[in-house]
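One file, upload-v3.cif, is given below (mmCIF, C-alpha atoms, pLDDT in the B column; chains and numbers go by the auth columns).
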```
data_start
#
loop_
_atom_site.group_PDB
_atom_site.id
_atom_site.type_symbol
_atom_site.label_atom_id
_atom_site.label_comp_id
_atom_site.label_asym_id
_atom_site.label_seq_id
_atom_site.Cartn_x
_atom_site.Cartn_y
_atom_site.Cartn_z
_atom_site.B_iso_or_equiv
_atom_site.auth_seq_id
_atom_site.auth_asym_id
ATOM 1 C CA MET A 1 0.000 0.000 0.000 49.00 953 Z
ATOM 2 C CA LYS A 2 2.923 2.230 0.603 53.00 954 Z
ATOM 3 C CA ASN A 3 3.886 1.923 -3.031 50.00 955 Z
ATOM 4 C CA VAL A 4 0.428 3.112 -4.189 45.00 956 Z
ATOM 5 C CA THR A 5 0.562 6.117 -1.905 50.00 957 Z
ATOM 6 C CA ASP A 6 4.069 6.876 -3.003 52.00 958 Z
ATOM 7 C CA SER A 7 3.046 6.765 -6.631 47.00 959 Z
ATOM 8 C CA PHE A 8 0.283 9.310 -5.970 47.00 960 Z
ATOM 9 C CA VAL A 9 2.651 11.442 -4.008 47.00 961 Z
ATOM 10 C CA SER A 10 5.181 11.270 -6.828 48.00 962 Z
ATOM 11 C CA LEU A 11 2.447 12.245 -9.312 47.00 963 Z
ATOM 12 C CA GLY A 12 1.561 15.201 -7.199 48.00 964 Z
ATOM 13 C CA ARG A 13 5.100 16.518 -7.429 50.00 965 Z
ATOM 14 C CA TRP A 14 5.405 16.580 -11.147 47.00 966 Z
ATOM 15 C CA PRO A 15 5.919 19.907 -12.567 48.00 967 Z
ATOM 16 C CA SER A 16 2.791 21.354 -14.143 49.00 968 Z
ATOM 17 C CA ALA A 17 4.096 22.734 -17.320 50.00 969 Z
ATOM 18 C CA GLY A 18 0.714 23.227 -18.890 57.00 970 Z
ATOM 19 C CA SER A 19 -0.377 19.745 -18.359 64.00 971 Z
ATOM 20 C CA PHE A 20 -3.223 18.270 -16.408 66.00 972 Z
ATOM 21 C CA GLY A 21 -2.496 16.591 -13.108 67.00 973 Z
ATOM 22 C CA PHE A 22 -3.898 15.493 -9.793 69.00 974 Z
ATOM 23 C CA ASN A 23 -3.526 17.498 -6.643 66.00 975 Z
ATOM 24 C CA THR A 24 -3.124 15.086 -3.791 71.00 976 Z
ATOM 25 C CA ASP A 25 -3.193 17.654 -1.053 71.00 977 Z
ATOM 26 C CA ILE A 26 -6.477 16.753 0.642 67.00 978 Z
ATOM 27 C CA LEU A 27 -6.631 19.843 2.781 67.00 979 Z
ATOM 28 C CA ALA A 28 -6.314 22.098 -0.241 67.00 980 Z
ATOM 29 C CA THR A 29 -8.628 20.233 -2.585 70.00 981 Z
ATOM 30 C CA ASN A 30 -11.540 19.260 -0.265 77.00 982 Z
ATOM 31 C CA PRO A 31 -12.885 22.758 0.400 76.00 983 Z
ATOM 32 C CA ILE A 32 -12.610 23.615 -3.269 77.00 984 Z
ATOM 33 C CA ASN A 33 -14.359 20.409 -4.303 79.00 985 Z
ATOM 34 C CA LEU A 34 -17.017 20.879 -1.705 82.00 986 Z
ATOM 35 C CA SER A 35 -17.616 24.483 -2.734 84.00 987 Z
ATOM 36 C CA VAL A 36 -17.841 23.453 -6.393 84.00 988 Z
ATOM 37 C CA VAL A 37 -20.263 20.585 -5.584 84.00 989 Z
ATOM 38 C CA LEU A 38 -22.306 22.840 -3.324 83.00 990 Z
ATOM 39 C CA GLY A 39 -22.344 25.586 -5.925 84.00 991 Z
ATOM 40 C CA VAL A 40 -23.517 23.177 -8.607 83.00 992 Z
ATOM 41 C CA LEU A 41 -26.123 21.721 -6.255 79.00 993 Z
ATOM 42 C CA ILE A 42 -27.316 25.149 -5.247 80.00 994 Z
ATOM 43 C CA PHE A 43 -27.396 26.417 -8.799 82.00 995 Z
ATOM 44 C CA PHE A 44 -29.189 23.411 -10.289 81.00 996 Z
ATOM 45 C CA GLY A 45 -30.969 22.091 -7.198 77.00 997 Z
ATOM 46 C CA LYS A 46 -32.261 25.435 -5.960 80.00 998 Z
ATOM 47 C CA GLY A 47 -35.309 25.306 -8.216 81.00 999 Z
ATOM 48 C CA VAL A 48 -36.050 21.682 -7.381 82.00 1000 Z
ATOM 49 C CA LEU A 49 -35.506 22.291 -3.693 78.00 1001 Z
ATOM 50 C CA ASN A 50 -37.668 25.423 -3.797 84.00 1002 Z
ATOM 51 C CA ASP A 51 -40.394 23.474 -5.619 86.00 1003 Z
ATOM 52 C CA LEU A 52 -40.199 20.667 -3.072 87.00 1004 Z
ATOM 53 C CA LEU A 53 -40.296 23.118 -0.180 88.00 1005 Z
ATOM 54 C CA ASP A 54 -43.151 25.095 -1.791 91.00 1006 Z
ATOM 55 C CA ASN A 55 -45.096 21.895 -2.392 92.00 1007 Z
ATOM 56 C CA ARG A 56 -44.483 20.817 1.194 93.00 1008 Z
ATOM 57 C CA LYS A 57 -45.494 24.258 2.459 93.00 1009 Z
ATOM 58 C CA GLN A 58 -48.708 24.156 0.353 95.00 1010 Z
ATOM 59 C CA ARG A 59 -49.560 20.686 1.635 95.00 1011 Z
ATOM 60 C CA ILE A 60 -49.004 21.817 5.212 96.00 1012 Z
ATOM 61 C CA LEU A 61 -51.109 24.953 4.628 95.00 1013 Z
ATOM 62 C CA ASN A 62 -53.829 22.890 2.922 95.00 1014 Z
ATOM 63 C CA THR A 63 -53.782 20.417 5.789 95.00 1015 Z
ATOM 64 C CA ILE A 64 -54.042 23.278 8.304 95.00 1016 Z
ATOM 65 C CA ARG A 65 -56.857 24.901 6.288 94.00 1017 Z
ATOM 66 C CA ASN A 66 -58.699 21.580 5.997 94.00 1018 Z
ATOM 67 C CA SER A 67 -58.278 20.880 9.681 93.00 1019 Z
ATOM 68 C CA GLU A 68 -59.523 24.415 10.478 94.00 1020 Z
ATOM 69 C CA GLU A 69 -62.556 23.829 8.251 94.00 1021 Z
ATOM 70 C CA LEU A 70 -63.133 20.452 9.859 94.00 1022 Z
ATOM 71 C CA ARG A 71 -62.777 22.027 13.303 94.00 1023 Z
ATOM 72 C CA ALA A 72 -65.225 24.782 12.340 94.00 1024 Z
ATOM 73 C CA GLY A 73 -67.640 22.145 11.010 93.00 1025 Z
ATOM 74 C CA ALA A 74 -67.226 20.093 14.169 94.00 1026 Z
ATOM 75 C CA VAL A 75 -67.841 23.185 16.322 94.00 1027 Z
ATOM 76 C CA GLU A 76 -70.949 23.990 14.269 95.00 1028 Z
ATOM 77 C CA GLN A 77 -72.196 20.417 14.608 95.00 1029 Z
ATOM 78 C CA LEU A 78 -71.460 20.536 18.333 95.00 1030 Z
ATOM 79 C CA GLU A 79 -73.457 23.768 18.659 95.00 1031 Z
ATOM 80 C CA LYS A 80 -76.323 22.214 16.691 95.00 1032 Z
ATOM 81 C CA ALA A 81 -76.147 19.118 18.902 94.00 1033 Z
ATOM 82 C CA HIS A 82 -76.216 21.331 22.015 95.00 1034 Z
ATOM 83 C CA ALA A 83 -79.207 23.219 20.597 95.00 1035 Z
ATOM 84 C CA ARG A 84 -80.992 19.924 19.873 95.00 1036 Z
ATOM 85 C CA LEU A 85 -80.119 18.697 23.360 95.00 1037 Z
ATOM 86 C CA ARG A 86 -81.544 21.880 24.913 95.00 1038 Z
ATOM 87 C CA LYS A 87 -84.690 21.494 22.796 95.00 1039 Z
ATOM 88 C CA VAL A 88 -85.029 17.831 23.782 94.00 1040 Z
ATOM 89 C CA LYS A 89 -84.532 18.728 27.447 93.00 1041 Z
ATOM 90 C CA THR A 90 -87.180 21.445 27.126 94.00 1042 Z
ATOM 91 C CA ASP A 91 -89.526 19.005 25.395 93.00 1043 Z
ATOM 92 C CA VAL A 92 -88.880 16.379 28.078 93.00 1044 Z
ATOM 93 C CA ASP A 93 -89.533 18.912 30.836 91.00 1045 Z
ATOM 94 C CA GLN A 94 -92.720 20.063 29.097 93.00 1046 Z
ATOM 95 C CA PHE A 95 -93.794 16.456 28.593 90.00 1047 Z
ATOM 96 C CA ARG A 96 -93.065 15.709 32.253 90.00 1048 Z
ATOM 97 C CA VAL A 97 -95.093 18.741 33.372 90.00 1049 Z
ATOM 98 C CA ASN A 98 -97.946 17.845 31.017 91.00 1050 Z
ATOM 99 C CA GLU A 99 -97.953 14.227 32.142 90.00 1051 Z
ATOM 100 C CA TYR A 100 -97.842 15.276 35.799 90.00 1052 Z
ATOM 101 C CA SER A 101 -100.742 17.674 35.204 90.00 1053 Z
ATOM 102 C CA GLU A 102 -102.618 14.977 33.294 90.00 1054 Z
ATOM 103 C CA ALA A 103 -101.982 12.460 36.084 90.00 1055 Z
ATOM 104 C CA GLU A 104 -103.165 14.970 38.703 91.00 1056 Z
ATOM 105 C CA ARG A 105 -106.264 15.732 36.628 92.00 1057 Z
ATOM 106 C CA LYS A 106 -107.016 12.019 36.203 92.00 1058 Z
ATOM 107 C CA ARG A 107 -106.462 11.417 39.919 91.00 1059 Z
ATOM 108 C CA SER A 108 -108.780 14.300 40.761 93.00 1060 Z
ATOM 109 C CA ASN A 109 -111.386 13.003 38.291 93.00 1061 Z
ATOM 110 C CA LEU A 110 -111.130 9.510 39.780 92.00 1062 Z
ATOM 111 C CA ILE A 111 -111.542 10.857 43.308 93.00 1063 Z
ATOM 112 C CA THR A 112 -114.522 12.979 42.227 94.00 1064 Z
ATOM 113 C CA SER A 113 -116.049 10.039 40.358 93.00 1065 Z
ATOM 114 C CA ALA A 114 -115.532 7.714 43.318 92.00 1066 Z
ATOM 115 C CA TYR A 115 -117.078 10.316 45.655 93.00 1067 Z
ATOM 116 C CA ARG A 116 -120.101 10.675 43.335 93.00 1068 Z
ATOM 117 C CA GLN A 117 -120.493 6.923 43.093 93.00 1069 Z
ATOM 118 C CA LEU A 118 -120.253 6.666 46.860 92.00 1070 Z
ATOM 119 C CA GLU A 119 -122.916 9.377 47.240 93.00 1071 Z
ATOM 120 C CA GLN A 120 -125.151 7.632 44.692 92.00 1072 Z
ATOM 121 C CA SER A 121 -124.618 4.333 46.471 92.00 1073 Z
ATOM 122 C CA GLU A 122 -125.438 5.977 49.809 91.00 1074 Z
ATOM 123 C CA ASN A 123 -128.541 7.624 48.320 92.00 1075 Z
ATOM 124 C CA SER A 124 -129.604 4.338 46.728 92.00 1076 Z
ATOM 125 C CA LYS A 125 -129.081 2.541 50.037 91.00 1077 Z
ATOM 126 C CA ASN A 126 -131.073 5.177 51.933 92.00 1078 Z
ATOM 127 C CA GLU A 127 -133.847 5.044 49.320 93.00 1079 Z
ATOM 128 C CA SER A 128 -133.915 1.261 49.547 93.00 1080 Z
ATOM 129 C CA ILE A 129 -134.123 1.513 53.331 94.00 1081 Z
ATOM 130 C CA ARG A 130 -137.004 4.042 53.095 93.00 1082 Z
ATOM 131 C CA PHE A 131 -138.764 1.860 50.555 93.00 1083 Z
ATOM 132 C CA GLU A 132 -138.364 -1.193 52.763 93.00 1084 Z
ATOM 133 C CA GLN A 133 -139.575 0.792 55.799 93.00 1085 Z
ATOM 134 C CA GLN A 134 -142.592 2.044 53.838 93.00 1086 Z
ATOM 135 C CA ARG A 135 -143.330 -1.483 52.660 93.00 1087 Z
ATOM 136 C CA ALA A 136 -143.026 -2.819 56.203 92.00 1088 Z
ATOM 137 C CA VAL A 137 -145.310 -0.030 57.481 93.00 1089 Z
ATOM 138 C CA ASN A 138 -147.816 -0.797 54.736 92.00 1090 Z
ATOM 139 C CA GLN A 139 -147.724 -4.492 55.559 93.00 1091 Z
ATOM 140 C CA VAL A 140 -148.232 -3.712 59.242 93.00 1092 Z
ATOM 141 C CA ARG A 141 -151.170 -1.400 58.357 91.00 1093 Z
ATOM 142 C CA GLN A 142 -152.717 -4.039 56.154 92.00 1094 Z
ATOM 143 C CA ARG A 143 -152.423 -6.622 58.912 92.00 1095 Z
ATOM 144 C CA VAL A 144 -153.783 -4.224 61.495 92.00 1096 Z
ATOM 145 C CA CYS A 145 -156.665 -3.345 59.181 88.00 1097 Z
ATOM 146 C CA GLN A 146 -157.315 -6.987 58.414 91.00 1098 Z
ATOM 147 C CA GLN A 147 -157.213 -7.871 62.075 91.00 1099 Z
ATOM 148 C CA ALA A 148 -159.447 -4.904 62.928 88.00 1100 Z
ATOM 149 C CA LEU A 149 -161.899 -5.837 60.209 87.00 1101 Z
ATOM 150 C CA GLN A 150 -161.835 -9.445 61.288 89.00 1102 Z
ATOM 151 C CA GLY A 151 -162.390 -8.384 64.884 87.00 1103 Z
ATOM 152 C CA ALA A 152 -165.185 -6.034 63.830 84.00 1104 Z
ATOM 153 C CA LEU A 153 -166.813 -8.758 61.742 81.00 1105 Z
ATOM 154 C CA GLU A 154 -166.607 -11.189 64.595 84.00 1106 Z
ATOM 155 C CA ILE A 155 -168.128 -8.624 66.926 81.00 1107 Z
ATOM 156 C CA LEU A 156 -170.819 -7.784 64.401 72.00 1108 Z
ATOM 157 C CA ASN A 157 -171.543 -11.395 63.666 74.00 1109 Z
ATOM 158 C CA SER A 158 -171.789 -12.278 67.312 77.00 1110 Z
ATOM 159 C CA SER A 159 -173.934 -9.284 68.295 74.00 1111 Z
ATOM 160 C CA LEU A 160 -176.131 -8.962 65.240 67.00 1112 Z
ATOM 161 C CA ASN A 161 -179.353 -10.652 64.971 75.00 1113 Z
ATOM 162 C CA LYS A 162 -181.663 -10.638 61.979 78.00 1114 Z
ATOM 163 C CA GLU A 163 -183.659 -7.598 62.931 80.00 1115 Z
ATOM 164 C CA LEU A 164 -180.566 -5.481 63.654 78.00 1116 Z
ATOM 165 C CA HIS A 165 -179.045 -6.693 60.481 76.00 1117 Z
ATOM 166 C CA LEU A 166 -182.082 -5.619 58.436 83.00 1118 Z
ATOM 167 C CA ARG A 167 -182.137 -2.183 60.081 85.00 1119 Z
ATOM 168 C CA THR A 168 -178.428 -1.645 59.357 82.00 1120 Z
ATOM 169 C CA ILE A 169 -178.928 -2.583 55.732 86.00 1121 Z
ATOM 170 C CA SER A 170 -181.920 -0.237 55.470 89.00 1122 Z
ATOM 171 C CA ALA A 171 -179.982 2.607 57.074 89.00 1123 Z
ATOM 172 C CA ASN A 172 -177.093 2.094 54.721 88.00 1124 Z
ATOM 173 C CA ILE A 173 -179.413 1.986 51.696 90.00 1125 Z
ATOM 174 C CA GLY A 174 -181.022 5.212 52.871 87.00 1126 Z
ATOM 175 C CA LEU A 175 -177.632 6.823 53.393 87.00 1127 Z
ATOM 176 C CA PHE A 176 -176.555 5.688 49.964 85.00 1128 Z
ATOM 177 C CA GLY A 177 -179.769 7.047 48.415 84.00 1129 Z
ATOM 178 C CA SER A 178 -179.343 10.480 50.052 85.00 1130 Z
ATOM 179 C CA MET A 179 -175.740 10.654 48.797 82.00 1131 Z
ATOM 180 C CA LYS A 180 -176.934 9.838 45.314 78.00 1132 Z
ATOM 181 C CA GLU A 181 -179.475 12.655 45.419 80.00 1133 Z
ATOM 182 C CA ARG A 182 -176.852 15.223 46.470 79.00 1134 Z
ATOM 183 C CA THR A 183 -174.549 14.366 43.629 76.00 1135 Z
ATOM 184 C CA SER A 184 -177.308 14.505 41.038 67.00 1136 Z
#
```
Can you present the structure in this file as C-alpha cells?
Amino acid sequence: MKNVTDSFVSLGRWPSAGSFGFNTDILATNPINLSVVLGVLIFFGKGVLNDLLDNRKQRILNTIRNSEELRAGAVEQLEKAHARLRKVKTDVDQFRVNEYSEAERKRSNLITSAYRQLEQSENSKNESIRFEQQRAVNQVRQRVCQQALQGALEILNSSLNKELHLRTISANIGLFGSMKERTS
C-alpha cells in the first residue's frame, strides 16, 4: 500500500508545465471540491428544492386549512347538537309537566267520580231503606186493618141478629140514596 501512496505522491510533485495533473493535497482540494459541488447543487438544485419546499409548504397549509374547516364544522355540529339537546330537554320537561298535570287531573277526576259513586250508592241505600220501611209499614197497616176488620166482623156477627141486620142494611141503603141525590 505504501507503493500506491508513493506513486500518488510522486504524481503530485510533477511539474505542471501546462499539463493536467492530480492534486493530492487533501486539505487544499476538499474545500474547493465541496464548494464546487455545493455551488452546482445550489445552482441546479435550488429550483427543485424550492419546488419541493413550496409543495411541502402548500400541503401543510392545505392540511391546516382543511383541519380548520373540519374544526369549524365540528364546532358547528357541536353547537347544533347542544341546541338539539336543549330542545329535547325542554320538550322532556314540558312532557313531564304535562304528564304530571294529566296524572293529577285524572287522579282528581277519579276521586270525584268515586265520591259521586259513593254518594249515589249511599242515596240508593237510603232510598232502599225508606222503601223497605214504607213497605213494612204498609204491611203492618194491612195486617192491622185486616185484624181490625176481622175483629169487627166477629163482633158484628156475634152481636147482630136478623132484625138489627135488616135495620143496618136499610140505614145504609137510605144513606146511599141520600148521597146519590146530592150528587145529582
**Study point:** Atomic separation - CA of His1034 (chain Z) relative to CA of Glu1051 (chain Z), Å
**Key:**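 Atom-to-atom, CA of Glu1051 (chain Z) to CA of His1034 (chain Z), that is 25.0 Å.
For the pair CA of Lys1032 (chain Z) and CA of Ile1016 (chain Z), the separation is 23.8 Å.
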With all atoms of region 1104-1115 of chain Z from the file as input, state the centre and edge lengths in Å to one decimal of the axis-aligned box that has 8 Å extra on each side, as JSON.
```
{"center_x": -174.4, "center_y": -9.2, "center_z": 65.0, "size_x": 34.5, "size_y": 22.2, "size_z": 22.6}
```
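Here CA of Gln1099 (chain Z) and CA of Gln1086 (chain Z) stand 19.5 Å from one another.
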C-alpha atoms of region 965-1090 of chain Z, written as a CSV table (one decimal), in the first residue's frame:
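Contents of decode-v4.csv, freshly written:
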```
chain,number,residue,atom,x,y,z
Z,965,ARG,CA,5.1,16.5,-7.4
Z,966,TRP,CA,5.4,16.6,-11.1
Z,967,PRO,CA,5.9,19.9,-12.6
Z,968,SER,CA,2.8,21.4,-14.1
Z,969,ALA,CA,4.1,22.7,-17.3
Z,970,GLY,CA,0.7,23.2,-18.9
Z,971,SER,CA,-0.4,19.7,-18.4
Z,972,PHE,CA,-3.2,18.3,-16.4
Z,973,GLY,CA,-2.5,16.6,-13.1
Z,974,PHE,CA,-3.9,15.5,-9.8
Z,975,ASN,CA,-3.5,17.5,-6.6
Z,976,THR,CA,-3.1,15.1,-3.8
Z,977,ASP,CA,-3.2,17.7,-1.1
Z,978,ILE,CA,-6.5,16.8,0.6
Z,979,LEU,CA,-6.6,19.8,2.8
Z,980,ALA,CA,-6.3,22.1,-0.2
Z,981,THR,CA,-8.6,20.2,-2.6
Z,982,ASN,CA,-11.5,19.3,-0.3
Z,983,PRO,CA,-12.9,22.8,0.4
Z,984,ILE,CA,-12.6,23.6,-3.3
Z,985,ASN,CA,-14.4,20.4,-4.3
Z,986,LEU,CA,-17.0,20.9,-1.7
Z,987,SER,CA,-17.6,24.5,-2.7
Z,988,VAL,CA,-17.8,23.5,-6.4
Z,989,VAL,CA,-20.3,20.6,-5.6
Z,990,LEU,CA,-22.3,22.8,-3.3
Z,991,GLY,CA,-22.3,25.6,-5.9
Z,992,VAL,CA,-23.5,23.2,-8.6
Z,993,LEU,CA,-26.1,21.7,-6.3
Z,994,ILE,CA,-27.3,25.1,-5.2
Z,995,PHE,CA,-27.4,26.4,-8.8
Z,996,PHE,CA,-29.2,23.4,-10.3
Z,997,GLY,CA,-31.0,22.1,-7.2
Z,998,LYS,CA,-32.3,25.4,-6.0
Z,999,GLY,CA,-35.3,25.3,-8.2
Z,1000,VAL,CA,-36.0,21.7,-7.4
Z,1001,LEU,CA,-35.5,22.3,-3.7
Z,1002,ASN,CA,-37.7,25.4,-3.8
Z,1003,ASP,CA,-40.4,23.5,-5.6
Z,1004,LEU,CA,-40.2,20.7,-3.1
Z,1005,LEU,CA,-40.3,23.1,-0.2
Z,1006,ASP,CA,-43.2,25.1,-1.8
Z,1007,ASN,CA,-45.1,21.9,-2.4
Z,1008,ARG,CA,-44.5,20.8,1.2
Z,1009,LYS,CA,-45.5,24.3,2.5
Z,1010,GLN,CA,-48.7,24.2,0.4
Z,1011,ARG,CA,-49.6,20.7,1.6
Z,1012,ILE,CA,-49.0,21.8,5.2
Z,1013,LEU,CA,-51.1,25.0,4.6
Z,1014,ASN,CA,-53.8,22.9,2.9
Z,1015,THR,CA,-53.8,20.4,5.8
Z,1016,ILE,CA,-54.0,23.3,8.3
Z,1017,ARG,CA,-56.9,24.9,6.3
Z,1018,ASN,CA,-58.7,21.6,6.0
Z,1019,SER,CA,-58.3,20.9,9.7
Z,1020,GLU,CA,-59.5,24.4,10.5
Z,1021,GLU,CA,-62.6,23.8,8.3
Z,1022,LEU,CA,-63.1,20.5,9.9
Z,1023,ARG,CA,-62.8,22.0,13.3
Z,1024,ALA,CA,-65.2,24.8,12.3
Z,1025,GLY,CA,-67.6,22.1,11.0
Z,1026,ALA,CA,-67.2,20.1,14.2
Z,1027,VAL,CA,-67.8,23.2,16.3
Z,1028,GLU,CA,-70.9,24.0,14.3
Z,1029,GLN,CA,-72.2,20.4,14.6
Z,1030,LEU,CA,-71.5,20.5,18.3
Z,1031,GLU,CA,-73.5,23.8,18.7
Z,1032,LYS,CA,-76.3,22.2,16.7
Z,1033,ALA,CA,-76.1,19.1,18.9
Z,1034,HIS,CA,-76.2,21.3,22.0
Z,1035,ALA,CA,-79.2,23.2,20.6
Z,1036,ARG,CA,-81.0,19.9,19.9
Z,1037,LEU,CA,-80.1,18.7,23.4
Z,1038,ARG,CA,-81.5,21.9,24.9
Z,1039,LYS,CA,-84.7,21.5,22.8
Z,1040,VAL,CA,-85.0,17.8,23.8
Z,1041,LYS,CA,-84.5,18.7,27.4
Z,1042,THR,CA,-87.2,21.4,27.1
Z,1043,ASP,CA,-89.5,19.0,25.4
Z,1044,VAL,CA,-88.9,16.4,28.1
Z,1045,ASP,CA,-89.5,18.9,30.8
Z,1046,GLN,CA,-92.7,20.1,29.1
Z,1047,PHE,CA,-93.8,16.5,28.6
Z,1048,ARG,CA,-93.1,15.7,32.3
Z,1049,VAL,CA,-95.1,18.7,33.4
Z,1050,ASN,CA,-97.9,17.8,31.0
Z,1051,GLU,CA,-98.0,14.2,32.1
Z,1052,TYR,CA,-97.8,15.3,35.8
Z,1053,SER,CA,-100.7,17.7,35.2
Z,1054,GLU,CA,-102.6,15.0,33.3
Z,1055,ALA,CA,-102.0,12.5,36.1
Z,1056,GLU,CA,-103.2,15.0,38.7
Z,1057,ARG,CA,-106.3,15.7,36.6
Z,1058,LYS,CA,-107.0,12.0,36.2
Z,1059,ARG,CA,-106.5,11.4,39.9
Z,1060,SER,CA,-108.8,14.3,40.8
Z,1061,ASN,CA,-111.4,13.0,38.3
Z,1062,LEU,CA,-111.1,9.5,39.8
Z,1063,ILE,CA,-111.5,10.9,43.3
Z,1064,THR,CA,-114.5,13.0,42.2
Z,1065,SER,CA,-116.0,10.0,40.4
Z,1066,ALA,CA,-115.5,7.7,43.3
Z,1067,TYR,CA,-117.1,10.3,45.7
Z,1068,ARG,CA,-120.1,10.7,43.3
Z,1069,GLN,CA,-120.5,6.9,43.1
Z,1070,LEU,CA,-120.3,6.7,46.9
Z,1071,GLU,CA,-122.9,9.4,47.2
Z,1072,GLN,CA,-125.2,7.6,44.7
Z,1073,SER,CA,-124.6,4.3,46.5
Z,1074,GLU,CA,-125.4,6.0,49.8
Z,1075,ASN,CA,-128.5,7.6,48.3
Z,1076,SER,CA,-129.6,4.3,46.7
Z,1077,LYS,CA,-129.1,2.5,50.0
Z,1078,ASN,CA,-131.1,5.2,51.9
Z,1079,GLU,CA,-133.8,5.0,49.3
Z,1080,SER,CA,-133.9,1.3,49.5
Z,1081,ILE,CA,-134.1,1.5,53.3
Z,1082,ARG,CA,-137.0,4.0,53.1
Z,1083,PHE,CA,-138.8,1.9,50.6
Z,1084,GLU,CA,-138.4,-1.2,52.8
Z,1085,GLN,CA,-139.6,0.8,55.8
Z,1086,GLN,CA,-142.6,2.0,53.8
Z,1087,ARG,CA,-143.3,-1.5,52.7
Z,1088,ALA,CA,-143.0,-2.8,56.2
Z,1089,VAL,CA,-145.3,0.0,57.5
Z,1090,ASN,CA,-147.8,-0.8,54.7
```
